[in-house]
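Trainee: Before I ask anything, let me first share the structure, which is written out below as structure tokens.
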Amino acid sequence: MSRAFPAPLLSLTLFVLWLLLNLSLSPGNILLAAMLAIVAPLMLAPLRPQVARIRKPGSIARLMWRVGTDVVLSNLQVARGVLSARRRPPRSVFVHIPLALRDAHGLAALSMITTVIPGTIWSELALDRSVLLLHVFDLEDEASFIKHFKDTYERPLMEIFE
């Protein structure tokens, strides 16, 4: 069964999304949805590096809550920074954040988190995955930012994936 459906949840999701996007339960659409649900995961299976092992699922909800809160707070901070830019220009800097996180899924989640948080404009992961270079829109204290980043995002991801 796992050979025919290497990612059953992905297959089910593709099947349902195809039907929802087409707003039709015609036999042709059901057949196309089934073909997509079977063929796409088989073709994409070699691209999956490994199966993710989630160690502490409870940490996921806490991390999602924290990221959601930070998105709202960061939006407000960036808006305030943009509106007051004439009086006090933002202190944009590149910050090197040393990483202890090594799991590929954790690093992927970390990259997604850094893209949704306003104020983090650009990021680059070192080839050896040991340092994240992050551009921050307005930074007052680099050391406290690094500590906050590691405590808020990296440590929960390590709990979840490592």
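FYI, nothing fancy with the structure tokens labels: chains A, B, ... in order, residues from 1 per chain, ligands from 1 as they appear.
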How would you write, as an mmCIF file with C-alpha atoms, in the first residue's frame, the set of residues in chain A that DSSP gives as strand (DSSP E)?

Mentor:
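part.cif, freshly written:
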```cif
data_model
loop_
_atom_site.group_PDB
_atom_site.id
_atom_site.type_symbol
_atom_site.label_atom_id
_atom_site.label_comp_id
_atom_site.auth_asym_id
_atom_site.auth_seq_id
_atom_site.Cartn_x
_atom_site.Cartn_y
_atom_site.Cartn_z
ATOM 1 C CA VAL A 93 21.174 45.364 9.881
ATOM 2 C CA PHE A 94 22.241 41.888 8.877
ATOM 3 C CA VAL A 95 22.384 39.525 11.845
ATOM 4 C CA HIS A 96 24.340 36.257 11.930
ATOM 5 C CA ILE A 97 22.386 33.752 14.009
ATOM 6 C CA PRO A 98 24.280 30.571 14.947
ATOM 7 C CA THR A 120 12.751 40.079 8.489
ATOM 8 C CA ILE A 121 13.278 41.077 4.889
ATOM 9 C CA TRP A 122 15.915 38.663 3.639
ATOM 10 C CA SER A 123 17.615 35.510 4.887
ATOM 11 C CA GLU A 124 20.331 33.099 3.813
ATOM 12 C CA LEU A 125 21.338 29.765 5.314
ATOM 13 C CA VAL A 131 24.487 30.065 10.558
ATOM 14 C CA LEU A 132 21.426 31.969 9.408
ATOM 15 C CA LEU A 133 22.087 35.418 7.969
ATOM 16 C CA LEU A 134 18.971 37.498 8.507
ATOM 17 C CA HIS A 135 18.224 41.074 7.467
ATOM 18 C CA VAL A 136 16.195 42.862 10.122
#
```

Trainee: Which residues in chain A does DSSP call alpha helix (DSSP H)? List them as an NGL selection string.

Mentor: :A and (8-22 or 27-44 or 58-83 or 104-116 or 142-149 or 155-161)

Trainee: Write out the residues from the selection above, keeping C-alpha atoms, as a tab-separated table (two decimals), in the first residue's frame.

Mentor:
```tsv
chain	number	residue	atom	x	y	z
A	8	PRO	CA	-1.65	9.03	1.53
A	9	LEU	CA	-2.50	12.36	3.16
A	10	LEU	CA	-1.06	14.21	0.17
A	11	SER	CA	-3.05	11.96	-2.19
A	12	LEU	CA	-6.28	12.62	-0.31
A	13	THR	CA	-5.58	16.35	-0.20
A	14	LEU	CA	-4.86	16.53	-3.94
A	15	PHE	CA	-8.00	14.55	-4.72
A	16	VAL	CA	-10.23	16.80	-2.61
A	17	LEU	CA	-8.59	20.05	-3.75
A	18	TRP	CA	-8.95	19.11	-7.42
A	19	LEU	CA	-12.66	18.54	-6.95
A	20	LEU	CA	-13.09	21.72	-4.90
A	21	LEU	CA	-11.22	23.88	-7.39
A	22	ASN	CA	-13.27	22.56	-10.28
A	27	PRO	CA	-16.98	11.45	-13.73
A	28	GLY	CA	-14.23	13.13	-15.74
A	29	ASN	CA	-13.19	15.36	-12.83
A	30	ILE	CA	-13.29	12.44	-10.40
A	31	LEU	CA	-11.07	10.45	-12.76
A	32	LEU	CA	-8.63	13.36	-13.18
A	33	ALA	CA	-8.56	13.91	-9.39
A	34	ALA	CA	-7.81	10.22	-8.83
A	35	MET	CA	-5.05	10.23	-11.43
A	36	LEU	CA	-3.51	13.34	-9.90
A	37	ALA	CA	-3.79	11.86	-6.40
A	38	ILE	CA	-1.97	8.70	-7.49
A	39	VAL	CA	0.61	10.02	-9.97
A	40	ALA	CA	1.78	13.26	-8.29
A	41	PRO	CA	2.96	11.68	-5.00
A	42	LEU	CA	4.70	8.89	-6.92
A	43	MET	CA	6.57	11.42	-9.06
A	44	LEU	CA	7.40	13.65	-6.09
A	58	GLY	CA	2.18	19.64	21.73
A	59	SER	CA	5.00	22.04	20.92
A	60	ILE	CA	3.51	22.60	17.46
A	61	ALA	CA	0.42	24.38	18.82
A	62	ARG	CA	2.53	26.58	21.12
A	63	LEU	CA	4.89	27.45	18.26
A	64	MET	CA	1.99	28.27	15.92
A	65	TRP	CA	0.44	30.51	18.58
A	66	ARG	CA	3.75	32.28	19.14
A	67	VAL	CA	4.36	32.79	15.40
A	68	GLY	CA	0.82	34.15	14.96
A	69	THR	CA	1.34	36.55	17.86
A	70	ASP	CA	4.70	37.65	16.48
A	71	VAL	CA	3.20	38.26	13.04
A	72	VAL	CA	0.64	40.67	14.53
A	73	LEU	CA	3.16	42.40	16.80
A	74	SER	CA	5.78	42.65	14.04
A	75	ASN	CA	3.22	44.17	11.66
A	76	LEU	CA	2.49	46.85	14.24
A	77	GLN	CA	6.20	47.50	14.85
A	78	VAL	CA	6.97	47.75	11.14
A	79	ALA	CA	4.01	50.07	10.57
A	80	ARG	CA	5.18	52.28	13.45
A	81	GLY	CA	8.73	52.22	12.06
A	82	VAL	CA	7.59	53.19	8.57
A	83	LEU	CA	5.33	55.98	9.85
A	104	ALA	CA	15.96	19.40	7.29
A	105	HIS	CA	12.26	19.66	8.19
A	106	GLY	CA	13.03	21.94	11.12
A	107	LEU	CA	15.17	24.18	8.93
A	108	ALA	CA	12.41	24.31	6.32
A	109	ALA	CA	9.90	25.29	9.01
A	110	LEU	CA	12.32	27.92	10.32
A	111	SER	CA	12.68	29.39	6.83
A	112	MET	CA	8.90	29.61	6.47
A	113	ILE	CA	8.62	31.29	9.86
A	114	THR	CA	11.23	33.90	8.95
A	115	THR	CA	9.38	34.74	5.73
A	116	VAL	CA	6.03	35.42	7.42
A	142	GLU	CA	21.47	42.36	18.33
A	143	ALA	CA	22.23	40.06	21.27
A	144	SER	CA	18.68	40.17	22.61
A	145	PHE	CA	17.29	39.63	19.10
A	146	ILE	CA	19.44	36.52	18.63
A	147	LYS	CA	18.40	35.18	22.05
A	148	HIS	CA	14.72	35.86	21.28
A	149	PHE	CA	14.99	34.20	17.85
A	155	ARG	CA	14.31	25.71	20.44
A	156	PRO	CA	10.66	24.67	19.81
A	157	LEU	CA	11.59	23.37	16.36
A	158	MET	CA	14.38	21.31	17.92
A	159	GLU	CA	11.85	19.91	20.41
A	160	ILE	CA	9.51	19.00	17.57
A	161	PHE	CA	11.97	17.51	15.07
```
